[in-house]
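**Student:** Attaching a single structure in structure tokens format; questions to follow.
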Amino acid sequence: MSKSTVVAEIAPSGARRFLALAMLVVLGSMVVYLTFSAPPASLLWRVLLVVVGVGALFLADMMRRATLQKIELTDEVLRDTSGRELCRIDNIAAVERGAFAFKPSHGFLIRTKTPQPRAWAPGLWWRFGRKIGVGGVTPSGQAKFMAEMIALRLAEEKNN
């Protein structure tokens with residue numbers, strides 16, 4: 001993990017994290033409960049409902065673990081606190097944070113110059129090809145500040 005100075009940080013909001021996890025746990029639990037309390041006549045439907053319910057519970061656990069991390073912006077890299085690199089700063093082509101951008105809730109979208117491997121931290125960030133979405137259960141103020149810092153860095157590089 002790099003020892004460089006952290007310029008900006010996004011930490012998941014406790015209230016949003018709790019609400020998102022509670023919704024997923026309630027959904028998963030209700031689907032599994034309904035499957036066994038009032039089972040559909042078809043075996044296929046029973047299996048499908050159990051898979052959906054267990055999938056929601058699994059997703060809740062993935063989100064619980066992912067939202068224990070924070071996202072950090074340094075001079076060289078955008079990473080989470082576990083050391084997992086989202087992208088290098090010199091690979092960022094643009095930052096989108098407008099109302100019509102395909103971005104996570106309370107977040108922003110980064111377009112990179114080269115495609116990156118797919119990755120996902122539910123509720124925190126996702127990466128698919130040349131797009132990285134940052135946000136979800138994060139406070140919008142911290143995300144906006146980080147997006148502005150990245151945009152400022154891109155403008156400085158463009159002028160030099």
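Every chain in the structure tokens has a letter given in the order shown (A, B, ...), and although residue numbers restart at 1 in each chain, ligands are simply numbered from 1 in the order shown.
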Report the closest atom pair, with its distance in Å rounded to one decimal, for each residue of range 45-114 of chain A that has an atom no farther than 7 Å from range 141-154 of chain A; count only C-alpha atoms, sort by chain and then rising residue number, and write it as a tab-separated table.
**Tutor:**
```
residue	atom	partner	partner_atom	distance
A:Val95	CA	A:Ala151	CA	6.3
A:His106	CA	A:Ala143	CA	6.9
A:Gly107	CA	A:Ala143	CA	5.4
A:Phe108	CA	A:Ala147	CA	6.7
```
**Student:** Just the selected residues (N, CA and C atoms), exported as an mmCIF file, in the first residue's frame, please.
**Tutor:**
```
data_model
loop_
_atom_site.group_PDB
_atom_site.id
_atom_site.type_symbol
_atom_site.label_atom_id
_atom_site.label_comp_id
_atom_site.auth_asym_id
_atom_site.auth_seq_id
_atom_site.Cartn_x
_atom_site.Cartn_y
_atom_site.Cartn_z
ATOM 1 N N VAL A 95 -14.306 13.050 -15.517
ATOM 2 C CA VAL A 95 -15.163 12.833 -14.348
ATOM 3 C C VAL A 95 -16.534 13.381 -14.692
ATOM 4 N N HIS A 106 -25.538 9.590 -4.975
ATOM 5 C CA HIS A 106 -24.634 10.410 -4.159
ATOM 6 C C HIS A 106 -23.180 10.229 -4.568
ATOM 7 N N GLY A 107 -22.913 10.037 -5.854
ATOM 8 C CA GLY A 107 -21.551 9.778 -6.289
ATOM 9 C C GLY A 107 -21.220 10.419 -7.616
ATOM 10 N N PHE A 108 -20.244 9.831 -8.297
ATOM 11 C CA PHE A 108 -19.775 10.345 -9.582
ATOM 12 C C PHE A 108 -19.237 9.196 -10.413
#
```
**Student:** Can you check which residues of chain A DSSP gives as alpha helix (DSSP H) on the backbone and send them as a PyMOL selection string?
**Tutor:** chain A and resi 14-37+43-66+140-159
**Student:** Would you list the contacts of Leu78 in chain A as a PDB file with C-alpha atoms, in the first residue's frame, taking every protein, DNA or RNA residue within 7 Å and counting only C-alpha atoms, but skipping same-chain residues closer than 2 positions in sequence?
**Tutor:**
```pdb
ATOM      1  CA  GLU A  72      -9.086   7.485  -0.632  1.00  0.00           C
ATOM      2  CA  LEU A  73      -7.704   9.810  -3.287  1.00  0.00           C
ATOM      3  CA  THR A  74      -3.936  10.323  -3.244  1.00  0.00           C
ATOM      4  CA  GLU A  85      -6.675   0.157  -6.389  1.00  0.00           C
ATOM      5  CA  LEU A  86      -9.679   1.549  -8.273  1.00  0.00           C
ATOM      6  CA  CYS A  87      -7.536   3.384 -10.835  1.00  0.00           C
ATOM      7  CA  ARG A  88      -4.371   5.402 -11.231  1.00  0.00           C
ATOM      8  CA  ILE A  89      -4.818   9.168 -11.483  1.00  0.00           C
TER       9      ILE A  89
END
```
**Student:** So that I can check the secondary structure, give me every residue of chain A assigned strand (DSSP E) by backbone DSSP, as an NGL selection string.
**Tutor:** :A and (6-10 or 71-74 or 77-80 or 85-88 or 92-96 or 108-121 or 125-134)
**Student:** I'd like the contact shell of Gly135 in chain A - 12 Å cut-off, only C-alpha atoms, skipping same-chain residues fewer than 6 positions apart - returned as a VMD selection string.
**Tutor:** chain A and resid 9 to 13 16 to 17 67 70 to 71 97 102 to 110 120 to 127 141 to 144 146 to 147
**Student:** Do you have, as JSON lines, the list of residues of range 40-121 of chain A lying at most 7 Å from range 25-32 of chain A, each with its nearest atom pair and that distance in Å to one decimal, counting only C-alpha atoms and ordered by chain then number?
**Tutor:**
```
{"residue": "A:Leu49", "atom": "CA", "partner": "A:Val31", "partner_atom": "CA", "distance": 6.3}
{"residue": "A:Val50", "atom": "CA", "partner": "A:Val32", "partner_atom": "CA", "distance": 5.5}
{"residue": "A:Gly53", "atom": "CA", "partner": "A:Gly28", "partner_atom": "CA", "distance": 4.0}
{"residue": "A:Val54", "atom": "CA", "partner": "A:Gly28", "partner_atom": "CA", "distance": 6.1}
{"residue": "A:Ala56", "atom": "CA", "partner": "A:Gly28", "partner_atom": "CA", "distance": 4.8}
{"residue": "A:Leu57", "atom": "CA", "partner": "A:Gly28", "partner_atom": "CA", "distance": 5.2}
{"residue": "A:Ala60", "atom": "CA", "partner": "A:Val25", "partner_atom": "CA", "distance": 6.2}
```
**Student:** Print the selection's residues with C-alpha atoms to a file, as a PDB file, in the first residue's frame.
**Tutor:**
```
ATOM      1  CA  LEU A  49     -37.526 -18.007  -4.643  1.00  0.00           C
ATOM      2  CA  VAL A  50     -34.947 -19.654  -2.369  1.00  0.00           C
ATOM      3  CA  GLY A  53     -33.775 -14.871  -1.049  1.00  0.00           C
ATOM      4  CA  VAL A  54     -30.366 -16.380  -0.338  1.00  0.00           C
ATOM      5  CA  ALA A  56     -30.239 -11.043  -1.315  1.00  0.00           C
ATOM      6  CA  LEU A  57     -28.788 -12.213   2.010  1.00  0.00           C
ATOM      7  CA  ALA A  60     -26.212  -7.923   2.149  1.00  0.00           C
TER       8      ALA A  60
END
```
**Student:** Which residue, A:Asp61, A:Val7, A:Ala93, A:Asp80, has the smallest gap to Val134 in chain A when you use only C-alpha atoms?
**Tutor:** A:Asp80
**Student:** Show which residues sit within 9 Å of Gly14 in chain A, as a list in words. Count only C-alpha atoms, and ignore same-chain residues fewer than 5 positions away.
**Tutor:**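 The filter keeps Leu19, Val137 and Thr138 of chain A.
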**Student:** Between A:Ser140, A:Thr81, A:Thr114, A:Asn91, which has the minimum distance to Glu157 in chain A (counting only C-alpha atoms)?
**Tutor:** A:Asn91
